[in-house]
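One file, run_33.txt, carrying compact mmCIF, C-alpha atoms:
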# COMPACT_ATOMS: atom_id res chain seq x y z
CA MET K 1033 28.01 -21.75 35.76
CA ALA K 1034 24.28 -21.58 35.43
CA GLY K 1035 22.27 -23.30 32.71
CA GLN K 1036 22.13 -22.59 29.03
CA LEU K 1037 20.55 -19.63 27.35
CA THR K 1038 19.41 -19.66 23.74
CA LEU K 1039 18.92 -16.34 22.02
CA GLU K 1040 16.63 -16.14 19.02
CA VAL K 1041 16.12 -12.93 17.10
CA ALA K 1042 13.42 -12.91 14.43
CA THR K 1043 11.90 -10.23 12.23
CA PRO K 1044 8.73 -10.68 10.18
CA GLU K 1045 10.90 -11.50 7.18
CA ARG K 1046 13.55 -13.80 8.58
CA LEU K 1047 15.15 -15.46 11.55
CA LEU K 1048 18.18 -13.25 12.12
CA LEU K 1049 20.09 -15.38 14.57
CA LYS K 1050 19.89 -18.30 16.94
CA GLU K 1051 22.82 -18.75 19.29
CA GLN K 1052 23.86 -20.14 22.62
CA VAL K 1053 24.82 -17.17 24.77
CA LYS K 1054 26.05 -16.35 28.25
CA GLY K 1055 24.01 -13.22 28.61
CA VAL K 1056 21.94 -10.70 26.68
CA THR K 1057 21.18 -7.01 27.06
CA VAL K 1058 18.07 -5.86 25.25
CA PRO K 1059 16.73 -2.33 24.86
CA GLY K 1060 13.38 -2.54 26.62
CA LEU K 1061 10.74 0.12 26.15
CA ASP K 1062 11.40 1.38 29.67
CA GLY K 1063 15.16 0.94 29.77
CA GLU K 1064 17.76 -1.70 29.20
CA LEU K 1065 17.20 -5.24 30.41
CA GLY K 1066 20.10 -7.49 31.25
CA ILE K 1067 19.24 -11.15 31.02
CA LEU K 1068 21.28 -14.08 32.31
CA PRO K 1069 20.34 -17.76 32.36
CA GLU K 1070 17.60 -18.79 34.83
CA HIS K 1071 15.87 -15.45 34.52
CA ALA K 1072 12.23 -15.43 35.66
CA PRO K 1073 9.70 -15.55 32.78
CA LEU K 1074 9.17 -12.06 31.45
CA LEU K 1075 7.44 -10.32 28.59
CA SER K 1076 8.31 -6.82 27.51
CA GLU K 1077 8.02 -4.47 24.61
CA LEU K 1078 11.17 -3.22 22.99
CA GLY K 1079 12.44 0.23 22.18
CA CYS K 1080 15.10 1.14 19.65
CA GLY K 1081 18.74 0.48 20.41
CA PRO K 1082 21.64 -1.90 20.39
CA LEU K 1083 21.10 -5.44 21.54
CA SER K 1084 24.27 -7.02 22.82
CA PHE K 1085 25.04 -10.59 23.72
CA GLU K 1086 28.02 -12.55 24.88
CA LEU K 1087 28.83 -15.79 23.13
CA GLU K 1088 29.99 -18.91 24.96
CA ASN K 1089 33.59 -18.12 24.06
CA GLY K 1090 33.34 -14.69 25.66
CA GLN K 1091 33.07 -12.77 22.41
CA LYS K 1092 30.66 -9.86 22.52
CA LYS K 1093 28.37 -9.09 19.60
CA TYR K 1094 25.94 -6.33 18.79
CA ILE K 1095 22.93 -5.97 16.58
CA SER K 1096 20.60 -3.06 16.13
CA ILE K 1097 16.91 -3.58 16.74
CA CYS K 1098 13.84 -1.39 16.77
CA GLY K 1099 10.38 -2.09 18.11
CA GLY K 1100 8.82 -5.42 18.90
CA TYR K 1101 8.72 -7.78 21.85
CA VAL K 1102 10.95 -9.94 23.95
CA GLU K 1103 9.92 -13.10 25.71
CA VAL K 1104 12.25 -14.38 28.38
CA LEU K 1105 12.14 -17.93 29.70
CA PRO K 1106 14.72 -19.48 32.01
CA ASP K 1107 16.61 -21.09 29.13
CA HIS K 1108 15.41 -19.01 26.22
CA VAL K 1109 15.26 -15.41 25.02
CA ARG K 1110 13.05 -14.73 22.05
CA VAL K 1111 13.29 -11.33 20.44
CA LEU K 1112 10.57 -10.45 17.96
CA ALA K 1113 11.84 -7.24 16.46
CA ALA K 1114 9.99 -5.07 14.00
CA GLN K 1115 13.41 -4.35 12.54
CA ALA K 1116 16.77 -5.93 13.21
CA GLU K 1117 20.15 -5.76 11.54
CA ASN K 1118 23.54 -7.31 12.05
CA ALA K 1119 26.33 -4.82 12.55
CA SER K 1120 27.75 -5.81 9.17
CA GLU K 1121 24.48 -4.96 7.41
CA ILE K 1122 24.27 -1.41 8.67
CA ASP K 1123 24.94 1.35 6.22
CA ALA K 1124 26.48 3.91 8.57
CA LYS K 1125 26.43 6.70 6.00
CA ARG K 1126 22.77 6.21 5.30
CA ALA K 1127 21.99 6.14 9.00
CA GLU K 1128 23.98 9.35 9.45
CA VAL K 1129 21.99 11.07 6.73
CA ALA K 1130 18.72 9.79 8.17
CA LEU K 1131 19.74 11.05 11.58
CA GLN K 1132 20.49 14.52 10.27
CA ARG K 1133 17.26 14.62 8.31
CA ALA K 1134 15.21 13.59 11.32
CA ASN K 1135 17.02 16.16 13.48
CA GLU K 1136 16.37 18.83 10.91
CA ARG K 1137 12.69 18.00 10.78
CA LEU K 1138 12.28 18.09 14.52
CA LEU K 1139 14.20 21.34 14.93
CA HIS K 1140 12.32 23.15 12.20
CA PRO K 1141 8.89 21.59 12.30
CA THR K 1142 6.56 22.30 9.42
CA ALA K 1143 2.81 22.30 9.90
CA ASP K 1144 2.29 18.83 8.49
CA LEU K 1145 5.15 17.21 10.41
CA ASP K 1146 4.40 13.77 11.77
CA VAL K 1147 6.31 14.10 15.05
CA ALA K 1148 5.93 10.48 16.08
CA ARG K 1149 7.29 9.31 12.77
CA ALA K 1150 10.22 11.70 12.80
CA LEU K 1151 11.06 10.69 16.37
CA ASN K 1152 10.90 7.07 15.34
CA SER K 1153 13.31 7.50 12.47
CA LEU K 1154 15.60 9.52 14.75
CA LYS K 1155 15.71 6.66 17.25
CA ARG K 1156 16.19 4.11 14.52
CA ALA K 1157 19.11 6.01 13.06
CA GLN K 1158 20.67 6.42 16.51
CA ALA K 1159 20.37 2.70 17.21
CA ARG K 1160 22.01 1.82 13.91
CA LEU K 1161 24.78 4.34 14.37
CA SER K 1162 25.68 3.22 17.86
CA VAL K 1163 25.94 -0.38 16.71
CA ALA K 1164 27.96 0.64 13.66
CA LYS K 1165 30.36 2.62 15.89
CA ILE K 1166 30.90 -0.27 18.27
CA ALA K 1167 31.52 -2.60 15.35
CA ALA K 1168 33.97 -0.15 13.75
CA GLY K 1169 35.78 0.43 17.05
CA LYS K 1170 36.80 -3.22 17.30
CA MET N 999 -5.85 -34.17 -46.79
CA PRO N 1000 -3.49 -31.43 -45.54
CA SER N 1001 -0.28 -31.15 -47.44
CA LEU N 1002 3.12 -32.02 -45.99
CA ILE N 1003 4.08 -28.40 -45.81
CA ASP N 1004 1.00 -27.55 -43.74
CA ILE N 1005 1.82 -30.24 -41.21
CA ARG N 1006 5.47 -29.22 -41.00
CA ARG N 1007 4.41 -25.65 -40.33
CA ARG N 1008 2.05 -26.80 -37.61
CA ILE N 1009 4.80 -28.84 -35.94
CA ARG N 1010 7.14 -25.88 -35.98
CA SER N 1011 4.54 -23.65 -34.37
CA VAL N 1012 3.86 -26.16 -31.59
CA LYS N 1013 7.60 -26.48 -31.02
CA ASN N 1014 7.90 -22.74 -30.61
CA THR N 1015 5.10 -22.71 -28.08
CA GLN N 1016 6.76 -25.53 -26.23
CA GLN N 1017 9.98 -23.59 -25.98
CA ILE N 1018 8.10 -20.74 -24.37
CA THR N 1019 6.28 -22.93 -21.90
CA LYS N 1020 9.51 -24.69 -21.00
CA ALA N 1021 11.26 -21.38 -20.36
CA MET N 1022 8.35 -20.15 -18.25
CA LYS N 1023 8.45 -23.32 -16.25
CA MET N 1024 12.12 -22.87 -15.47
CA VAL N 1025 11.65 -19.26 -14.48
CA ALA N 1026 8.74 -20.21 -12.24
CA THR N 1027 10.80 -22.97 -10.64
CA ALA N 1028 13.61 -20.58 -9.80
CA ARG N 1029 11.24 -17.98 -8.43
CA LEU N 1030 9.30 -20.57 -6.49
CA ARG N 1031 12.42 -21.57 -4.62
CA ARG N 1032 13.01 -17.99 -3.54
CA ALA N 1033 9.36 -17.41 -2.65
CA GLN N 1034 9.28 -20.62 -0.66
CA GLU N 1035 12.35 -19.54 1.24
CA ARG N 1036 10.66 -16.30 2.20
CA VAL N 1037 7.62 -18.18 3.47
CA ILE N 1038 9.85 -20.43 5.55
CA ASN N 1039 11.90 -17.49 6.84
CA ALA N 1040 8.77 -15.73 8.00
CA ARG N 1041 7.51 -18.73 9.95
CA PRO N 1042 9.57 -18.52 13.17
CA TYR N 1043 8.43 -14.97 13.76
CA SER N 1044 4.76 -15.67 13.23
CA ARG N 1045 4.88 -18.79 15.38
CA MET N 1046 6.51 -16.89 18.24
CA ALA N 1047 4.24 -13.90 17.79
CA GLY N 1048 1.19 -16.17 17.98
CA GLU N 1049 2.47 -17.67 21.22
CA ILE N 1050 3.15 -14.30 22.76
CA LEU N 1051 -0.26 -13.03 21.72
CA ARG N 1052 -1.98 -15.99 23.35
CA ASN N 1053 0.03 -15.58 26.53
CA VAL N 1054 -0.66 -11.87 26.75
CA ALA N 1055 -4.33 -12.37 25.94
CA ALA N 1056 -4.60 -14.96 28.69
CA ALA N 1057 -2.88 -12.66 31.17
CA ALA N 1058 -5.00 -9.68 30.15
CA ALA N 1059 -8.26 -11.62 30.36
CA GLY N 1060 -10.48 -10.12 33.01
CA ASP N 1061 -9.07 -6.66 32.54
CA GLU N 1062 -12.07 -4.58 31.49
CA ARG N 1063 -9.89 -2.36 29.32
CA VAL N 1064 -9.40 -5.25 26.89
CA GLY N 1065 -13.05 -5.12 25.90
CA GLU N 1066 -12.66 -1.49 24.94
CA ASN N 1067 -10.10 -2.26 22.28
CA PRO N 1068 -11.62 -1.12 19.00
CA LEU N 1069 -10.11 -4.02 17.10
CA LEU N 1070 -12.13 -6.50 19.16
CA ALA N 1071 -15.45 -4.69 18.75
CA VAL N 1072 -18.07 -7.02 17.30
CA ARG N 1073 -20.71 -5.16 15.33
CA GLU N 1074 -23.52 -6.36 13.15
CA GLU N 1075 -21.91 -7.11 9.77
CA LYS N 1076 -23.59 -4.65 7.45
CA ARG N 1077 -20.60 -3.41 5.58
CA ILE N 1078 -17.99 -6.00 4.83
CA GLN N 1079 -14.51 -5.52 3.50
CA LEU N 1080 -13.09 -8.29 1.36
CA ILE N 1081 -9.39 -8.33 0.53
CA LEU N 1082 -8.66 -10.39 -2.55
CA VAL N 1083 -5.05 -11.37 -3.25
CA THR N 1084 -4.52 -12.49 -6.85
CA SER N 1085 -1.54 -12.37 -9.18
CA ASP N 1086 -0.57 -9.81 -11.79
CA ARG N 1087 0.14 -12.33 -14.49
CA GLY N 1088 -1.82 -15.15 -15.96
CA LEU N 1089 -0.79 -18.53 -17.33
CA ALA N 1090 -0.86 -20.00 -13.88
CA GLY N 1091 -3.53 -22.64 -14.27
CA GLY N 1092 -6.55 -22.20 -12.05
CA PHE N 1093 -4.72 -19.92 -9.66
CA ASN N 1094 -6.74 -16.79 -10.32
CA SER N 1095 -9.95 -18.25 -11.64
CA ASN N 1096 -10.44 -20.34 -8.51
CA LEU N 1097 -9.95 -17.28 -6.36
CA ILE N 1098 -12.28 -15.15 -8.41
CA LYS N 1099 -14.90 -17.87 -8.33
CA ALA N 1100 -14.59 -18.01 -4.55
CA ALA N 1101 -14.89 -14.23 -4.37
CA GLN N 1102 -18.06 -14.30 -6.45
CA GLY N 1103 -19.41 -17.00 -4.17
CA PHE N 1104 -18.62 -14.75 -1.20
CA LEU N 1105 -20.43 -11.83 -2.84
CA ALA N 1106 -23.47 -13.99 -3.55
CA GLU N 1107 -23.50 -15.28 0.01
CA HIS N 1108 -23.42 -11.75 1.39
CA ALA N 1109 -25.82 -10.28 -1.16
CA GLY N 1110 -27.84 -8.64 1.64
CA GLN N 1111 -24.84 -6.76 2.99
CA GLN N 1112 -22.66 -4.21 1.34
CA VAL N 1113 -19.35 -5.73 0.36
CA GLU N 1114 -16.43 -3.51 -0.57
CA MET N 1115 -13.44 -5.05 -2.21
CA GLU N 1116 -9.77 -4.29 -1.81
CA LEU N 1117 -8.09 -5.76 -4.85
CA TYR N 1118 -4.50 -6.96 -5.00
CA GLY N 1119 -3.12 -8.08 -8.35
CA ARG N 1120 -4.08 -7.16 -11.88
CA LYS N 1121 -6.26 -10.21 -12.40
CA ALA N 1122 -8.62 -9.23 -9.61
CA ARG N 1123 -8.68 -5.63 -10.72
CA ASP N 1124 -9.43 -6.45 -14.34
CA PHE N 1125 -12.24 -8.76 -13.39
CA PHE N 1126 -14.02 -6.76 -10.72
CA THR N 1127 -13.63 -3.19 -11.90
CA ARG N 1128 -15.33 -4.24 -15.13
CA ARG N 1129 -18.24 -5.57 -13.17
CA ALA N 1130 -20.47 -3.65 -10.85
CA ALA N 1131 -18.47 -4.38 -7.74
CA LYS N 1132 -17.77 -1.82 -5.08
CA VAL N 1133 -14.02 -1.35 -4.95
CA SER N 1134 -12.35 0.48 -2.08
CA GLY N 1135 -8.86 0.24 -3.47
CA GLU N 1136 -6.56 -1.63 -5.77
CA VAL N 1137 -2.86 -2.34 -5.86
CA THR N 1138 -1.01 -3.98 -8.71
CA GLY N 1139 2.57 -4.84 -9.42
CA ILE N 1140 3.56 -6.43 -6.11
CA SER N 1141 2.24 -9.96 -6.36
CA GLN N 1142 5.54 -11.59 -7.33
CA ALA N 1143 7.69 -10.07 -4.64
CA PRO N 1144 5.60 -8.57 -1.84
CA THR N 1145 7.43 -6.64 0.86
CA LEU N 1146 6.78 -5.83 4.47
CA ALA N 1147 5.99 -2.25 3.51
CA ASP N 1148 3.23 -3.41 1.13
CA ALA N 1149 1.69 -5.46 3.91
CA LYS N 1150 1.98 -2.56 6.34
CA ALA N 1151 0.18 -0.18 3.99
CA LEU N 1152 -2.75 -2.57 3.70
CA ALA N 1153 -2.84 -3.38 7.42
CA ASP N 1154 -2.88 0.31 8.36
CA LYS N 1155 -5.67 1.04 5.90
CA MET N 1156 -7.82 -1.84 7.14
CA ILE N 1157 -7.30 -0.98 10.80
CA GLU N 1158 -8.17 2.64 10.05
CA ARG N 1159 -11.35 1.75 8.21
CA PHE N 1160 -12.44 -0.68 10.88
CA LYS N 1161 -11.78 1.77 13.71
CA ASN N 1162 -13.69 4.53 11.92
CA GLU N 1163 -16.57 2.10 11.50
CA GLU N 1164 -16.51 2.39 7.75
CA VAL N 1165 -16.64 -1.39 7.71
CA ASP N 1166 -17.89 -3.87 10.30
CA ALA N 1167 -15.77 -6.85 9.33
CA VAL N 1168 -12.70 -7.58 7.25
CA TYR N 1169 -12.14 -10.83 5.39
CA LEU N 1170 -9.05 -11.96 3.54
CA LEU N 1171 -9.25 -14.27 0.53
CA TYR N 1172 -6.05 -15.72 -0.90
CA ASN N 1173 -4.34 -18.83 -2.17
CA GLU N 1174 -2.55 -20.74 0.53
CA PHE N 1175 0.62 -22.54 -0.44
CA LYS N 1176 -0.06 -26.13 0.60
CA SER N 1177 2.58 -27.80 -1.51
CA VAL N 1178 4.06 -27.35 -4.95
CA LEU N 1179 1.15 -29.24 -6.44
CA THR N 1180 -1.74 -27.82 -4.43
CA GLN N 1181 -2.94 -24.38 -3.60
CA LYS N 1182 -5.88 -23.92 -1.32
CA VAL N 1183 -8.26 -21.00 -1.60
CA THR N 1184 -8.48 -19.73 1.95
CA LEU N 1185 -10.91 -17.29 3.53
CA LYS N 1186 -9.79 -15.73 6.80
CA LYS N 1187 -11.69 -13.40 9.05
CA MET N 1188 -9.28 -10.73 10.22
CA LEU N 1189 -11.42 -8.18 11.97
CA PRO N 1190 -12.95 -8.04 14.50
CA MET N 1191 -10.25 -10.15 16.02
CA ALA N 1192 -11.24 -13.16 18.01
CA VAL N 1193 -8.86 -13.53 20.91
CA GLN N 1194 -9.58 -16.58 22.94
CA ALA N 1195 -9.75 -15.19 26.43
CA GLY N 1196 -10.19 -17.33 29.50
CA GLY N 1197 -7.20 -19.58 28.96
CA THR N 1198 -4.66 -19.67 31.71
CA PRO N 1199 -1.19 -18.34 30.96
CA GLN N 1200 1.30 -21.12 30.37
CA ARG N 1201 3.70 -19.44 32.71
CA ASP N 1202 3.61 -16.79 35.31
CA TYR N 1203 5.21 -13.97 33.38
CA ILE N 1204 6.54 -10.75 34.74
CA PHE N 1205 5.10 -8.02 32.55
CA GLU N 1206 7.18 -4.92 32.02
CA GLN N 1207 4.10 -3.20 30.65
CA PRO N 1208 0.49 -3.87 31.73
CA PRO N 1209 -0.82 -6.84 29.70
CA ALA N 1210 -3.89 -4.95 28.52
CA GLU N 1211 -1.74 -2.16 27.07
CA MET N 1212 0.60 -4.64 25.49
CA LEU N 1213 -2.32 -6.46 23.93
CA GLY N 1214 -3.48 -3.18 22.42
CA ARG N 1215 -0.19 -2.85 20.59
CA LEU N 1216 0.16 -6.54 19.79
CA LEU N 1217 -3.13 -6.78 17.92
CA PRO N 1218 -2.32 -4.40 15.03
CA ASN N 1219 1.04 -6.12 14.73
CA TYR N 1220 -0.68 -9.47 14.45
CA ILE N 1221 -2.94 -8.21 11.67
CA LEU N 1222 0.11 -6.98 9.77
CA LEU N 1223 1.64 -10.39 10.21
CA GLN N 1224 -1.40 -12.20 8.86
CA ILE N 1225 -1.43 -9.99 5.79
CA LEU N 1226 2.29 -10.43 5.19
CA GLU N 1227 1.87 -14.17 5.52
CA ALA N 1228 -1.00 -14.16 3.03
CA PHE N 1229 1.09 -12.12 0.56
CA LEU N 1230 4.08 -14.41 0.84
CA GLU N 1231 2.01 -17.58 0.62
CA SER N 1232 0.16 -16.21 -2.37
CA ALA N 1233 3.42 -15.37 -4.16
CA ALA N 1234 4.78 -18.87 -3.55
CA ALA N 1235 1.48 -20.43 -4.61
CA GLU N 1236 1.45 -18.35 -7.79
CA HIS N 1237 4.87 -19.56 -8.88
CA ALA N 1238 3.98 -23.13 -7.94
CA ALA N 1239 0.74 -22.97 -9.92
CA ARG N 1240 2.53 -21.52 -12.91
CA MET N 1241 5.23 -24.16 -12.73
CA THR N 1242 2.70 -26.99 -12.70
CA ALA N 1243 0.63 -25.41 -15.46
CA MET N 1244 3.64 -24.85 -17.69
CA ASP N 1245 4.92 -28.35 -17.03
CA ALA N 1246 1.59 -29.75 -18.16
CA ALA N 1247 1.63 -27.48 -21.21
CA SER N 1248 5.13 -28.65 -22.21
CA THR N 1249 4.15 -32.31 -21.87
CA ASN N 1250 1.03 -31.65 -23.85
CA ALA N 1251 2.99 -29.94 -26.60
CA ASN N 1252 5.23 -32.98 -26.75
CA ASP N 1253 2.21 -35.24 -27.27
CA VAL N 1254 0.90 -33.01 -30.03
CA ILE N 1255 4.27 -32.98 -31.76
CA ASN N 1256 4.49 -36.79 -31.61
CA LYS N 1257 1.02 -37.18 -33.06
CA LEU N 1258 1.67 -34.69 -35.81
CA THR N 1259 4.99 -36.29 -36.72
CA LEU N 1260 3.35 -39.67 -37.01
CA TYR N 1261 0.63 -38.22 -39.18
CA MET N 1262 3.16 -36.40 -41.32
CA ASN N 1263 5.09 -39.63 -41.93
CA ARG N 1264 1.91 -41.39 -42.96
CA VAL N 1265 1.04 -38.66 -45.38
CA ARG N 1266 4.54 -38.82 -46.84
CA GLN N 1267 4.32 -42.60 -47.22
CA ALA N 1268 0.93 -42.31 -48.87
CA THR N 1269 2.30 -39.77 -51.34
CA ILE N 1270 5.28 -41.94 -52.20
CA THR N 1271 3.08 -45.00 -52.65
CA ARG N 1272 0.76 -43.06 -54.89
CA GLU N 1273 3.63 -41.79 -56.97
CA ILE N 1274 5.08 -45.30 -57.39
CA ILE N 1275 1.70 -46.59 -58.50
CA GLU N 1276 1.49 -43.75 -60.99
CA VAL N 1277 4.94 -44.54 -62.38
CA VAL N 1278 4.28 -48.28 -62.52
CA SER N 1279 0.89 -47.92 -64.14
CA GLY N 1280 2.30 -45.33 -66.55
CA ALA N 1281 5.06 -47.78 -67.54
CA SER N 1282 2.66 -50.70 -67.95
CA ALA N 1283 0.42 -48.54 -70.15
CA LEU N 1284 3.34 -48.14 -72.56
CA GLU N 1285 3.92 -51.86 -72.97
Translate this structure into structure tokens?
Amino acid sequence: MAGQLTLEVATPERLLLKEQVKGVTVPGLDGELGILPEHAPLLSELGCGPLSFELENGQKKYISICGGYVEVLPDHVRVLAAQAENASEIDAKRAEVALQRANERLLHPTADLDVARALNSLKRAQARLSVAKIAAGK
Amino acid sequence: MPSLIDIRRRIRSVKNTQQITKAMKMVATARLRRAQERVINARPYSRMAGEILRNVAAAAAGDERVGENPLLAVREEKRIQLILVTSDRGLAGGFNSNLIKAAQGFLAEHAGQQVEMELYGRKARDFFTRRAAKVSGEVTGISQAPTLADAKALADKMIERFKNEEVDAVYLLYNEFKSVLTQKVTLKKMLPMAVQAGGTPQRDYIFEQPPAEMLGRLLPNYILLQILEAFLESAAAEHAARMTAMDAASTNANDVINKLTLYMNRVRQATITREIIEVVSGASALE
């Protein structure tokens, strides 16, 4: 078994979690990144999506994150997310509504539609929903 | 000599005031704890973000695209933006007056340039809109519990104004939370940003995105962070200042009550003595 890996997830308002993990999968801006201990140092921007990690006891956990940065060091993964939520904090109904609203906006664009913003809220809602589904499925 | 009734009335009034100051102190203490927690919670993120920014800046140094970033553009400071973060409520000791004094000092120092002010908190607004200051915007009602969204609104506005060359520099003036007993008036230069280039990266990072591009997106984020930090610190400092001020006021009220009580007792004694003398001399006159 390789060395230790500490995962830290912080948002501007709080430190969401700090755990010893076996491995992490983060939603990078250009696709998912799987990180195991002894990974080469890496810096990347993050997209929206589920972040999953495996605890020492083999339990898998998910949180939803959106935007921000990840810094990977051989024994450390630091996630600086613009937004991050534990599965238990996600309001699935609200996310569902937000998803529909964003879809609606993009399908029937009005003249003053801020496409980037609508796309962003679409992605955010999708990230939350997928995490909520995984959590509910367990 | 004031009558007994006058003094009793005075004591009662001071006692009432003391009850209010005591209550305010307790409220401030409770709020301070929460505000302090928020400051502490925000620290890991800003520490890590600062490290990442330095690393990326070091890696991006030498890339000519970095110099083109509008947030790093140094222009002659003709039009200056000053952000002033005060509180909405008073009774917080020197919290607001120190800040406003510092702001006036800043205005005097930059008398040759045009200074526009962005005012946060009712105290700043009341003071500067009544005077002939140039105000670019004002926000009230958030000083006790600032949110990320509040900070984002301000950060976006400042970045916009700086990019459009409406202003050549942005300064931030606020109370830093040093400890419960001390607040420090702090002036920070936010824009143009000074990124120390030339340092060597601490590690040889793999970059998923080109460092220069990443830096371009990191900078606005860092500005947002600085503003959020200032808001949170200011909120904590406000509660701390109010707590100390109200504590002093309660102690002071206690002193006043003690003095008045002593005085009242003396007056009462004097009256009794006088009355006895009157009775005694009245009786002896009859003999």
Expected answer as an MDAnalysis selection string: chain K residues within 7 Å of chain N, all atoms listed in the file: chainID K and resid 1042:1047 1073:1076 1112
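With CA of Arg1266 in chain N on one side and CA of Arg1006 in chain N on the other, the separation reads 11.3 Å.
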Got a sec: who's within 9 Å of Lys1050 in chain K, counting only C-alpha atoms, leaving out chain neighbours fewer than 6 positions off, as an mmCIF file with C-alpha atoms, in the coordinates of the input?
data_model
loop_
_atom_site.group_PDB
_atom_site.id
_atom_site.type_symbol
_atom_site.label_atom_id
_atom_site.label_comp_id
_atom_site.auth_asym_id
_atom_site.auth_seq_id
_atom_site.Cartn_x
_atom_site.Cartn_y
_atom_site.Cartn_z
ATOM 1 C CA THR K 1038 19.410 -19.660 23.740
ATOM 2 C CA LEU K 1039 18.920 -16.340 22.020
ATOM 3 C CA GLU K 1040 16.630 -16.140 19.020
ATOM 4 C CA VAL K 1041 16.120 -12.930 17.100
ATOM 5 C CA ALA K 1042 13.420 -12.910 14.430
#
Can you pull out the residues contacting Gly1100 in chain K? Cut-off 8 Å, using all atoms listed in the file, and skip same-chain residues under 3 positions away; I want them as an mmCIF file with C-alpha atoms, keeping the file's coordinate frame.
data_model
loop_
_atom_site.group_PDB
_atom_site.id
_atom_site.type_symbol
_atom_site.label_atom_id
_atom_site.label_comp_id
_atom_site.auth_asym_id
_atom_site.auth_seq_id
_atom_site.Cartn_x
_atom_site.Cartn_y
_atom_site.Cartn_z
ATOM 1 C CA GLU K 1077 8.020 -4.470 24.610
ATOM 2 C CA LEU K 1078 11.170 -3.220 22.990
ATOM 3 C CA GLY K 1079 12.440 0.230 22.180
ATOM 4 C CA VAL K 1111 13.290 -11.330 20.440
ATOM 5 C CA LEU K 1112 10.570 -10.450 17.960
ATOM 6 C CA ALA K 1113 11.840 -7.240 16.460
ATOM 7 C CA ALA K 1114 9.990 -5.070 14.000
ATOM 8 C CA GLN K 1115 13.410 -4.350 12.540
#
Counting only C-alpha atoms, the option among N:Arg1240, N:Arg1159, N:Arg1007, N:Arg1128 closest to Thr1180 in chain N: N:Arg1240
Interatomic distance (Å, one decimal) between CA of Glu1211 in chain N and CA of Asn1152 in chain K: 19.6 Å
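Restricting the calculation to only C-alpha atoms, the smallest distance between Glu1070 in chain K and any of K:Ala1159, K:Leu1139, K:Leu1105, K:Ile1122 is found for K:Leu1105.
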Is there a way to complete range 1118-1131 of chain N with N, CA and C atoms and then write that out as a short mmCIF file (atom, residue, chain, number, x, y, z; two decimals), in the coordinates of the input?
data_model
loop_
_atom_site.label_atom_id
_atom_site.label_comp_id
_atom_site.auth_asym_id
_atom_site.auth_seq_id
_atom_site.Cartn_x
_atom_site.Cartn_y
_atom_site.Cartn_z
N TYR N 1118 -5.95 -6.85 -4.81
CA TYR N 1118 -4.50 -6.96 -5.00
C TYR N 1118 -4.23 -7.81 -6.23
N GLY N 1119 -3.44 -7.32 -7.14
CA GLY N 1119 -3.12 -8.08 -8.35
C GLY N 1119 -3.99 -7.63 -9.51
N ARG N 1120 -3.39 -7.67 -10.71
CA ARG N 1120 -4.08 -7.16 -11.88
C ARG N 1120 -5.28 -8.01 -12.26
N LYS N 1121 -5.18 -9.31 -11.99
CA LYS N 1121 -6.26 -10.21 -12.40
C LYS N 1121 -7.56 -9.87 -11.67
N ALA N 1122 -7.43 -9.59 -10.38
CA ALA N 1122 -8.62 -9.23 -9.61
C ALA N 1122 -9.17 -7.89 -10.08
N ARG N 1123 -8.25 -6.96 -10.31
CA ARG N 1123 -8.68 -5.63 -10.72
C ARG N 1123 -9.42 -5.69 -12.05
N ASP N 1124 -8.82 -6.38 -13.02
CA ASP N 1124 -9.43 -6.45 -14.34
C ASP N 1124 -10.82 -7.06 -14.27
N PHE N 1125 -10.95 -8.07 -13.44
CA PHE N 1125 -12.24 -8.76 -13.39
C PHE N 1125 -13.29 -7.91 -12.69
N PHE N 1126 -12.96 -7.37 -11.53
CA PHE N 1126 -14.02 -6.76 -10.72
C PHE N 1126 -14.28 -5.31 -11.03
N THR N 1127 -13.30 -4.58 -11.56
CA THR N 1127 -13.63 -3.19 -11.90
C THR N 1127 -14.51 -3.15 -13.14
N ARG N 1128 -14.46 -4.21 -13.96
CA ARG N 1128 -15.33 -4.24 -15.13
C ARG N 1128 -16.75 -4.60 -14.75
N ARG N 1129 -16.90 -5.23 -13.61
CA ARG N 1129 -18.24 -5.57 -13.17
C ARG N 1129 -18.70 -4.56 -12.13
N ALA N 1130 -19.93 -4.68 -11.74
CA ALA N 1130 -20.47 -3.65 -10.85
C ALA N 1130 -20.14 -3.96 -9.40
N ALA N 1131 -18.86 -4.12 -9.12
CA ALA N 1131 -18.47 -4.38 -7.74
C ALA N 1131 -18.03 -3.09 -7.10
#
